[in-house]
Amino acid sequence: MKLKKNKIFLWFVSMMAVIVIFVYVLERNSEKGMATELTESQPTEHTVNTSKKNDVVTLNMYLIGEAPQGFPEVLETLNDRLMDDLNTMLNIQYIRWEELNLKYPAILASGDVDIIYASSWSYYAQQVSRGAFLSITEHMIEQFLPRHHDQLNPKAWDAAKIKGNIYMVPTSTPDVTTGVTVIRQDLREKYGISRIRRVSELEPYLEAIKKYEANMIPMNLDSQYDLSTPYYNIVRDKIAYPGAPMDSGITYAQGMTYDYQDPSGTIYSMLEEPYLSAQKYAAGIMKKWRDKGYMNDNPYANQVRSKDNFCEGRSAVAFGNSNDIASTLEQCELKGIKAEIIPTIDAKGNAPAASWLVNGLAVSSSSKHPEKSLQVIDLLMEEPEYVYLAYFGLEGKNYVITDDNKIALPEGVTTETNRYPMDKSGFWFVNKSLFLPRNSWPDSYIQHLNEIKKILIPSTYAGFSFNSEAVEPELTAILQISEQYARPIYIGAVEDVDQAFDLLSDKLHAVGLEKVKKEVEKQANQYLLNKNTSMKSH
């Protein structure tokens, strides 16, 4: 009798094991089918499905910058909410600025990534040409990005298209921003220097700092953001420059450009007139400043941005943009330092409005969970609870909401002790229209935000994305030569400016600069044709 019961028990266990395996296989096949047939699914309601599944999905996500000290605690809270809403967790890693050129494409090539920061300036078009990003259909947008679909201007999706397909999710709030240069107003006034309105006018200020402030470097440039910024700010004194070459979108590179205010959209190589003369003008000023000792000897070895040295007195100039400079100004205000903002403008006093593609996210084509990735993006970009957590940190610990509805630091917390500083976490793609104003903004910063709205104008090629597939070898060589021969020009580290440009021109033409120009012209002309046809039809 006992043996018979054991046989029945073993038979029961065996059948249960078969059933479990059968159900698991069905679920795995269902998941695979969902991943390959996303476009055939029906749209869902805007509420998140909170039903638990057998397997927790962990997504690998990459952002740019460096994790704040308090990031682990914020990520833990973020994952708690994602578990409740999507039974999903994020493993978030950062690509440091100085590693961006090499590490960004390497990570995508590894296949071990689901979501990654994407923008026009961080290799969007190049990675699309290499098949690194998932093509996102309209049906997928409606089903998995319902919040974002409601908030996003349709023009943003058009801007993200390459060969008619969408490969990134642009921000719903392109920044109302321009490049800025910040100086010490208190020191400028102390040494009797007149108001400065352009970077090219900085010399009297730099000279005074060099002469009287022995412990301060006039311009303490870093190896990435700062290295070419003052140079191109000076270029804009002479000609309208959009900020990065059309072919690569990489700020330090030479390549193709245009006058962003010119509706004809004529394409120029940056080494032909009128851009060559504008570059030589800027290069001459940077060389003079370097020869006079107004900048650090080796920016290539410096990984700290000037804006992060500014309030500590290690740099007399800070470079940034209207958004990322806010925390610097707040920190200076708390220290009693009077700072002054110089917006980056062109010869006509204008600046290009930001593209929709300046901030965004993409799903890797190798992702095993594309639908989950899109659902997470939808929450991170548009759900207020997620937006505030990702951008500002933990309420009560990293920020508080005041009685008059402003964002402030908790009592006892300063900008220096806050372990999750605002705007430092790399979540720049969130819907910023959800933000309340900050109570710590200096009057000068509020005035700046109001003033720049008057100088920003639409760019002729704001929605243009270059497909580099036909000239990939040439573009790779151009970037390598730019790094070797152009970057020294930007910081004045050349013996003779004219000879340096002659050498740079010879090197770039030898690897196919003209071929790249013809390809850019072909795509740009088609873009303008489609744009003009669309405008006429409306």
# chains A, B, ... in the order shown; residues from 1 in each chain; ligands from 1
$ select_by_dssp --residues "segment 403-516 of chain A" --states "strand (DSSP E)" --output "list in words"
Ile407, Ala408, Leu456 and Ile457 of chain A
$ residues_around --residues "Ala408 of chain A" --least-positions-apart "6" --cutoff "8 Å" --atoms "only C-alpha atoms" --output "list in words"
Tyr399, Val400, Ile401, Thr402, Arg438, Asn439 and Ser440 of chain A
$ write_last_selection --atoms "N, CA and C atoms" --output "PDB file, in the first residue's frame"
ATOM      1  N   TYR A 399      15.269  67.226  -2.352  1.00  0.00           N
ATOM      2  CA  TYR A 399      14.504  68.427  -2.681  1.00  0.00           C
ATOM      3  C   TYR A 399      13.202  68.429  -1.879  1.00  0.00           C
ATOM      4  N   VAL A 400      12.584  69.596  -1.800  1.00  0.00           N
ATOM      5  CA  VAL A 400      11.259  69.747  -1.193  1.00  0.00           C
ATOM      6  C   VAL A 400      10.452  70.711  -2.049  1.00  0.00           C
ATOM      7  N   ILE A 401       9.143  70.647  -1.898  1.00  0.00           N
ATOM      8  CA  ILE A 401       8.245  71.606  -2.540  1.00  0.00           C
ATOM      9  C   ILE A 401       7.798  72.606  -1.471  1.00  0.00           C
ATOM     10  N   THR A 402       8.067  73.873  -1.693  1.00  0.00           N
ATOM     11  CA  THR A 402       7.749  74.897  -0.707  1.00  0.00           C
ATOM     12  C   THR A 402       6.262  75.220  -0.721  1.00  0.00           C
ATOM     13  N   ARG A 438      12.485  77.031  -9.315  1.00  0.00           N
ATOM     14  CA  ARG A 438      13.346  76.802  -8.154  1.00  0.00           C
ATOM     15  C   ARG A 438      13.496  78.089  -7.353  1.00  0.00           C
ATOM     16  N   ASN A 439      13.390  77.953  -6.063  1.00  0.00           N
ATOM     17  CA  ASN A 439      13.434  79.138  -5.210  1.00  0.00           C
ATOM     18  C   ASN A 439      14.829  79.733  -5.096  1.00  0.00           C
ATOM     19  N   SER A 440      15.847  78.974  -5.520  1.00  0.00           N
ATOM     20  CA  SER A 440      17.233  79.429  -5.367  1.00  0.00           C
ATOM     21  C   SER A 440      17.796  80.103  -6.614  1.00  0.00           C
TER      22      SER A 440
END
$ select_by_dssp --residues "segment 176-337 of chain A" --states "alpha helix (DSSP H)" --output "ChimeraX atom specification"
/A:185-190,203-212,225-235,275-291,306-309,326-334
$ write_last_selection --atoms "C-alpha atoms" --output "PDB file, in the first residue's frame"
ATOM      1  CA  GLN A 185      30.945  90.064 -12.048  1.00  0.00           C
ATOM      2  CA  ASP A 186      32.467  91.021  -8.700  1.00  0.00           C
ATOM      3  CA  LEU A 187      36.004  90.670 -10.093  1.00  0.00           C
ATOM      4  CA  ARG A 188      35.157  92.421 -13.352  1.00  0.00           C
ATOM      5  CA  GLU A 189      33.840  95.404 -11.423  1.00  0.00           C
ATOM      6  CA  LYS A 190      36.721  95.273  -8.921  1.00  0.00           C
ATOM      7  CA  GLU A 203      40.825  89.633 -22.874  1.00  0.00           C
ATOM      8  CA  PRO A 204      40.879  92.588 -20.422  1.00  0.00           C
ATOM      9  CA  TYR A 205      39.127  90.385 -17.855  1.00  0.00           C
ATOM     10  CA  LEU A 206      41.485  87.446 -18.448  1.00  0.00           C
ATOM     11  CA  GLU A 207      44.471  89.770 -18.216  1.00  0.00           C
ATOM     12  CA  ALA A 208      43.301  91.148 -14.857  1.00  0.00           C
ATOM     13  CA  ILE A 209      42.729  87.649 -13.467  1.00  0.00           C
ATOM     14  CA  LYS A 210      46.178  86.537 -14.610  1.00  0.00           C
ATOM     15  CA  LYS A 211      47.764  89.633 -13.033  1.00  0.00           C
ATOM     16  CA  TYR A 212      45.895  89.947  -9.738  1.00  0.00           C
ATOM     17  CA  TYR A 225      32.922  70.126 -23.311  1.00  0.00           C
ATOM     18  CA  ASP A 226      35.153  73.145 -22.745  1.00  0.00           C
ATOM     19  CA  LEU A 227      37.913  72.313 -25.180  1.00  0.00           C
ATOM     20  CA  SER A 228      36.269  73.682 -28.344  1.00  0.00           C
ATOM     21  CA  THR A 229      33.547  75.840 -26.733  1.00  0.00           C
ATOM     22  CA  PRO A 230      35.303  79.241 -26.412  1.00  0.00           C
ATOM     23  CA  TYR A 231      36.736  78.779 -29.899  1.00  0.00           C
ATOM     24  CA  TYR A 232      33.348  78.250 -31.536  1.00  0.00           C
ATOM     25  CA  ASN A 233      31.766  80.990 -29.433  1.00  0.00           C
ATOM     26  CA  ILE A 234      34.287  83.340 -31.072  1.00  0.00           C
ATOM     27  CA  VAL A 235      33.594  81.873 -34.536  1.00  0.00           C
ATOM     28  CA  TYR A 275      33.753  79.662 -42.507  1.00  0.00           C
ATOM     29  CA  LEU A 276      37.502  79.310 -42.949  1.00  0.00           C
ATOM     30  CA  SER A 277      38.103  83.020 -42.260  1.00  0.00           C
ATOM     31  CA  ALA A 278      35.836  82.872 -39.209  1.00  0.00           C
ATOM     32  CA  GLN A 279      37.786  79.872 -37.887  1.00  0.00           C
ATOM     33  CA  LYS A 280      41.136  81.567 -38.450  1.00  0.00           C
ATOM     34  CA  TYR A 281      39.866  84.645 -36.606  1.00  0.00           C
ATOM     35  CA  ALA A 282      38.894  82.507 -33.592  1.00  0.00           C
ATOM     36  CA  ALA A 283      42.112  80.465 -33.773  1.00  0.00           C
ATOM     37  CA  GLY A 284      44.205  83.641 -33.706  1.00  0.00           C
ATOM     38  CA  ILE A 285      42.492  84.866 -30.552  1.00  0.00           C
ATOM     39  CA  MET A 286      42.817  81.504 -28.805  1.00  0.00           C
ATOM     40  CA  LYS A 287      46.524  81.304 -29.703  1.00  0.00           C
ATOM     41  CA  LYS A 288      47.127  84.790 -28.333  1.00  0.00           C
ATOM     42  CA  TRP A 289      45.342  83.926 -25.088  1.00  0.00           C
ATOM     43  CA  ARG A 290      47.273  80.685 -24.741  1.00  0.00           C
ATOM     44  CA  ASP A 291      50.599  82.408 -25.403  1.00  0.00           C
ATOM     45  CA  SER A 306      35.109  74.814 -15.938  1.00  0.00           C
ATOM     46  CA  LYS A 307      31.614  75.313 -14.529  1.00  0.00           C
ATOM     47  CA  ASP A 308      32.413  72.801 -11.782  1.00  0.00           C
ATOM     48  CA  ASN A 309      35.599  74.706 -10.861  1.00  0.00           C
ATOM     49  CA  ALA A 326      21.766  76.858 -13.080  1.00  0.00           C
ATOM     50  CA  SER A 327      23.324  74.799 -10.294  1.00  0.00           C
ATOM     51  CA  THR A 328      26.628  76.653 -10.728  1.00  0.00           C
ATOM     52  CA  LEU A 329      24.889  80.010 -10.341  1.00  0.00           C
ATOM     53  CA  GLU A 330      22.980  78.777  -7.293  1.00  0.00           C
ATOM     54  CA  GLN A 331      26.209  77.593  -5.665  1.00  0.00           C
ATOM     55  CA  CYS A 332      27.927  80.927  -6.338  1.00  0.00           C
ATOM     56  CA  GLU A 333      24.943  82.818  -4.931  1.00  0.00           C
ATOM     57  CA  LEU A 334      25.167  80.862  -1.681  1.00  0.00           C
TER      58      LEU A 334
END
$ atom_distance --atom1 "atom CA of Pro263 of chain A" --atom2 "atom CA of Asn467 of chain A"
21.5 Å
$ residues_around --residues "segment 69-75 of chain A" --least-positions-apart "2" --cutoff "9 Å" --atoms "only C-alpha atoms" --output "PyMOL selection string"
chain A and resi 67+77-80+90-92+389-390+393-394+398+418-421+425
$ write_last_selection --atoms "C-alpha atoms" --output "compact mmCIF listing (two decimals), in the first residue's frame"
# COMPACT_ATOMS: atom_id res chain seq x y z
CA ALA A 67 26.36 58.99 -11.41
CA THR A 77 13.31 53.75 -5.25
CA LEU A 78 12.91 53.98 -9.01
CA ASN A 79 13.10 50.21 -9.32
CA ASP A 80 10.54 49.74 -6.53
CA LEU A 90 16.69 49.02 -14.45
CA ASN A 91 20.42 48.44 -14.32
CA ILE A 92 21.71 51.93 -15.11
CA LEU A 389 12.44 61.22 -8.92
CA ALA A 390 14.85 60.83 -11.86
CA GLY A 393 15.99 62.74 -6.49
CA LEU A 394 14.17 61.83 -3.28
CA ASN A 398 17.28 65.90 -2.15
CA ASN A 418 23.20 67.43 -1.83
CA ARG A 419 24.10 63.90 -2.95
CA TYR A 420 21.72 64.04 -5.94
CA PRO A 421 22.13 67.53 -7.46
CA SER A 425 21.88 62.74 -13.22
$ atom_distance --atom1 "atom CA of Ala500 of chain A" --atom2 "atom CA of Arg305 of chain A"
26.5 Å
$ closest_residue --among "A:Ala125, A:Tyr62, A:Asp114, A:Gly336" --to "Leu100 of chain A" --atoms "only C-alpha atoms"
A:Tyr62
$ atom_distance --atom1 "atom CA of Leu221 of chain A" --atom2 "atom CA of Arg198 of chain A"
17.7 Å
$ residues_around --residues "Phe435 of chain A" --least-positions-apart "3" --cutoff "10 Å" --atoms "only C-alpha atoms" --output "list in words"
Pro384, Val387, Tyr388, Tyr391, Phe392, Lys406, Ile407, Val430, Asn431, Lys432 and Arg438 of chain A
$ write_last_selection --atoms "C-alpha atoms" --output "PDB file, in the first residue's frame"
ATOM      1  CA  PRO A 384       5.341  63.233 -12.952  1.00  0.00           C
ATOM      2  CA  VAL A 387      10.165  62.648 -13.734  1.00  0.00           C
ATOM      3  CA  TYR A 388      10.744  64.293 -10.353  1.00  0.00           C
ATOM      4  CA  TYR A 391      15.675  64.515 -12.222  1.00  0.00           C
ATOM      5  CA  PHE A 392      15.548  65.843  -8.656  1.00  0.00           C
ATOM      6  CA  LYS A 406       8.737  76.113  -5.725  1.00  0.00           C
ATOM      7  CA  ILE A 407      11.486  73.495  -5.711  1.00  0.00           C
ATOM      8  CA  VAL A 430      12.267  64.248 -19.242  1.00  0.00           C
ATOM      9  CA  ASN A 431       9.276  66.552 -19.754  1.00  0.00           C
ATOM     10  CA  LYS A 432      10.589  69.780 -18.235  1.00  0.00           C
ATOM     11  CA  ARG A 438      13.346  76.802  -8.154  1.00  0.00           C
TER      12      ARG A 438
END
$ residues_around --residues "Ile166 of chain A" --least-positions-apart "6" --cutoff "7 Å" --atoms "only C-alpha atoms" --output "PyMOL selection string"
chain A and resi 135-137+157+160
$ residues_around --residues "segment 297-304 of chain A" --least-positions-apart "5" --cutoff "12 Å" --atoms "only C-alpha atoms" --output "ChimeraX atom specification"
/A:65-66,96-99,217-228,289-292,309-310,314-315,318-319,483-484,487-488,490-493
$ residues_around --residues "Leu82 of chain A" --least-positions-apart "2" --cutoff "12 Å" --atoms "only C-alpha atoms" --output "JSON list (two decimals) with C-alpha atoms, in the first residue's frame"
[["chain", "number", "residue", "atom", "x", "y", "z"],
["A", 48, "VAL", "CA", -0.05, 50.55, -16.63],
["A", 49, "ASN", "CA", -0.68, 46.86, -16.31],
["A", 50, "THR", "CA", 0.35, 46.05, -12.73],
["A", 52, "LYS", "CA", 2.80, 40.30, -11.89],
["A", 56, "VAL", "CA", 11.15, 40.02, -13.51],
["A", 57, "VAL", "CA", 12.55, 41.85, -16.53],
["A", 58, "THR", "CA", 15.86, 43.65, -15.95],
["A", 59, "LEU", "CA", 16.81, 46.24, -18.54],
["A", 75, "LEU", "CA", 17.71, 53.92, -8.39],
["A", 76, "GLU", "CA", 16.44, 51.61, -5.64],
["A", 77, "THR", "CA", 13.31, 53.75, -5.25],
["A", 78, "LEU", "CA", 12.91, 53.98, -9.01],
["A", 79, "ASN", "CA", 13.10, 50.21, -9.32],
["A", 80, "ASP", "CA", 10.54, 49.74, -6.53],
["A", 84, "ASP", "CA", 4.92, 47.79, -9.00],
["A", 85, "ASP", "CA", 4.00, 49.19, -12.42],
["A", 86, "LEU", "CA", 5.78, 46.94, -14.93],
["A", 87, "ASN", "CA", 7.46, 44.14, -12.96],
["A", 88, "THR", "CA", 10.67, 45.56, -14.36],
["A", 89, "MET", "CA", 14.00, 46.77, -12.99],
["A", 90, "LEU", "CA", 16.69, 49.02, -14.45],
["A", 91, "ASN", "CA", 20.42, 48.44, -14.32],
["A", 372, "LYS", "CA", 9.22, 46.86, -21.86],
["A", 373, "SER", "CA", 11.94, 49.32, -22.82],
["A", 375, "GLN", "CA", 7.03, 51.37, -21.56],
["A", 376, "VAL", "CA", 9.83, 52.38, -19.19],
["A", 377, "ILE", "CA", 10.77, 55.30, -21.45],
["A", 378, "ASP", "CA", 7.14, 56.44, -21.40],
["A", 379, "LEU", "CA", 7.11, 56.54, -17.60],
["A", 380, "LEU", "CA", 10.53, 58.18, -17.26],
["A", 383, "GLU", "CA", 4.87, 60.40, -15.52],
["A", 385, "GLU", "CA", 6.32, 60.91, -10.10],
["A", 386, "TYR", "CA", 9.05, 59.33, -12.22]]
$ closest_atom_pairs --of "segment 317-398 of chain A" --to "segment 236-257 of chain A" --cutoff "7 Å" --atoms "only C-alpha atoms" --output "JSON lines"
{"residue": "A:Ile345", "atom": "CA", "partner": "A:Arg236", "partner_atom": "CA", "distance": 6.7}
{"residue": "A:Asp346", "atom": "CA", "partner": "A:Arg236", "partner_atom": "CA", "distance": 4.6}
{"residue": "A:Ala347", "atom": "CA", "partner": "A:Asp237", "partner_atom": "CA", "distance": 4.9}
{"residue": "A:Pro352", "atom": "CA", "partner": "A:Pro242", "partner_atom": "CA", "distance": 6.4}
$ decode --residues "segment 396-422 of chain A" --atoms "N, CA and C atoms" --output "PDB file, in the first residue's frame"
ATOM      1  N   GLY A 396      12.207  65.327   0.107  1.00  0.00           N
ATOM      2  CA  GLY A 396      12.508  65.371   1.531  1.00  0.00           C
ATOM      3  C   GLY A 396      13.976  65.158   1.836  1.00  0.00           C
ATOM      4  N   LYS A 397      14.681  64.546   0.904  1.00  0.00           N
ATOM      5  CA  LYS A 397      16.110  64.304   1.104  1.00  0.00           C
ATOM      6  C   LYS A 397      16.968  65.116   0.135  1.00  0.00           C
ATOM      7  N   ASN A 398      16.542  65.145  -1.132  1.00  0.00           N
ATOM      8  CA  ASN A 398      17.282  65.905  -2.148  1.00  0.00           C
ATOM      9  C   ASN A 398      16.560  67.184  -2.571  1.00  0.00           C
ATOM     10  N   TYR A 399      15.269  67.226  -2.352  1.00  0.00           N
ATOM     11  CA  TYR A 399      14.504  68.427  -2.681  1.00  0.00           C
ATOM     12  C   TYR A 399      13.202  68.429  -1.879  1.00  0.00           C
ATOM     13  N   VAL A 400      12.584  69.596  -1.800  1.00  0.00           N
ATOM     14  CA  VAL A 400      11.259  69.747  -1.193  1.00  0.00           C
ATOM     15  C   VAL A 400      10.452  70.711  -2.049  1.00  0.00           C
ATOM     16  N   ILE A 401       9.143  70.647  -1.898  1.00  0.00           N
ATOM     17  CA  ILE A 401       8.245  71.606  -2.540  1.00  0.00           C
ATOM     18  C   ILE A 401       7.798  72.606  -1.471  1.00  0.00           C
ATOM     19  N   THR A 402       8.067  73.873  -1.693  1.00  0.00           N
ATOM     20  CA  THR A 402       7.749  74.897  -0.707  1.00  0.00           C
ATOM     21  C   THR A 402       6.262  75.220  -0.721  1.00  0.00           C
ATOM     22  N   ASP A 403       5.823  75.982   0.278  1.00  0.00           N
ATOM     23  CA  ASP A 403       4.411  76.361   0.373  1.00  0.00           C
ATOM     24  C   ASP A 403       3.957  77.200  -0.815  1.00  0.00           C
ATOM     25  N   ASP A 404       4.890  77.932  -1.409  1.00  0.00           N
ATOM     26  CA  ASP A 404       4.520  78.749  -2.573  1.00  0.00           C
ATOM     27  C   ASP A 404       4.834  78.024  -3.888  1.00  0.00           C
ATOM     28  N   ASN A 405       4.872  76.684  -3.819  1.00  0.00           N
ATOM     29  CA  ASN A 405       5.044  75.835  -5.006  1.00  0.00           C
ATOM     30  C   ASN A 405       6.322  76.121  -5.778  1.00  0.00           C
ATOM     31  N   LYS A 406       7.434  76.029  -5.085  1.00  0.00           N
ATOM     32  CA  LYS A 406       8.737  76.113  -5.725  1.00  0.00           C
ATOM     33  C   LYS A 406       9.586  74.936  -5.255  1.00  0.00           C
ATOM     34  N   ILE A 407      10.572  74.573  -6.075  1.00  0.00           N
ATOM     35  CA  ILE A 407      11.486  73.495  -5.711  1.00  0.00           C
ATOM     36  C   ILE A 407      12.639  74.089  -4.917  1.00  0.00           C
ATOM     37  N   ALA A 408      12.911  73.474  -3.761  1.00  0.00           N
ATOM     38  CA  ALA A 408      13.979  73.988  -2.894  1.00  0.00           C
ATOM     39  C   ALA A 408      14.763  72.822  -2.320  1.00  0.00           C
ATOM     40  N   LEU A 409      15.884  73.123  -1.733  1.00  0.00           N
ATOM     41  CA  LEU A 409      16.655  72.116  -1.012  1.00  0.00           C
ATOM     42  C   LEU A 409      16.076  71.952   0.391  1.00  0.00           C
ATOM     43  N   PRO A 410      16.112  70.746   0.926  1.00  0.00           N
ATOM     44  CA  PRO A 410      15.635  70.533   2.297  1.00  0.00           C
ATOM     45  C   PRO A 410      16.483  71.328   3.292  1.00  0.00           C
ATOM     46  N   GLU A 411      15.913  71.576   4.445  1.00  0.00           N
ATOM     47  CA  GLU A 411      16.628  72.315   5.487  1.00  0.00           C
ATOM     48  C   GLU A 411      17.911  71.571   5.858  1.00  0.00           C
ATOM     49  N   GLY A 412      19.001  72.301   5.898  1.00  0.00           N
ATOM     50  CA  GLY A 412      20.278  71.705   6.242  1.00  0.00           C
ATOM     51  C   GLY A 412      21.048  71.130   5.073  1.00  0.00           C
ATOM     52  N   VAL A 413      20.432  71.080   3.891  1.00  0.00           N
ATOM     53  CA  VAL A 413      21.093  70.563   2.695  1.00  0.00           C
ATOM     54  C   VAL A 413      21.501  71.740   1.815  1.00  0.00           C
ATOM     55  N   THR A 414      22.743  71.720   1.328  1.00  0.00           N
ATOM     56  CA  THR A 414      23.230  72.766   0.430  1.00  0.00           C
ATOM     57  C   THR A 414      23.541  72.158  -0.929  1.00  0.00           C
ATOM     58  N   THR A 415      23.838  73.020  -1.898  1.00  0.00           N
ATOM     59  CA  THR A 415      24.197  72.510  -3.224  1.00  0.00           C
ATOM     60  C   THR A 415      25.455  71.655  -3.160  1.00  0.00           C
ATOM     61  N   GLU A 416      26.321  71.929  -2.179  1.00  0.00           N
ATOM     62  CA  GLU A 416      27.556  71.168  -2.050  1.00  0.00           C
ATOM     63  C   GLU A 416      27.348  69.827  -1.340  1.00  0.00           C
ATOM     64  N   THR A 417      26.376  69.770  -0.429  1.00  0.00           N
ATOM     65  CA  THR A 417      26.150  68.528   0.323  1.00  0.00           C
ATOM     66  C   THR A 417      25.035  67.667  -0.261  1.00  0.00           C
ATOM     67  N   ASN A 418      24.264  68.206  -1.199  1.00  0.00           N
ATOM     68  CA  ASN A 418      23.200  67.426  -1.826  1.00  0.00           C
ATOM     69  C   ASN A 418      23.818  66.302  -2.653  1.00  0.00           C
ATOM     70  N   ARG A 419      23.486  65.065  -2.303  1.00  0.00           N
ATOM     71  CA  ARG A 419      24.101  63.904  -2.950  1.00  0.00           C
ATOM     72  C   ARG A 419      23.439  63.549  -4.290  1.00  0.00           C
ATOM     73  N   TYR A 420      22.375  64.247  -4.647  1.00  0.00           N
ATOM     74  CA  TYR A 420      21.724  64.044  -5.941  1.00  0.00           C
ATOM     75  C   TYR A 420      21.362  65.419  -6.504  1.00  0.00           C
ATOM     76  N   PRO A 421      22.371  66.160  -6.992  1.00  0.00           N
ATOM     77  CA  PRO A 421      22.126  67.534  -7.459  1.00  0.00           C
ATOM     78  C   PRO A 421      21.177  67.574  -8.652  1.00  0.00           C
ATOM     79  N   MET A 422      20.358  68.613  -8.693  1.00  0.00           N
ATOM     80  CA  MET A 422      19.430  68.786  -9.797  1.00  0.00           C
ATOM     81  C   MET A 422      20.199  68.932 -11.114  1.00  0.00           C
TER      82      MET A 422
END
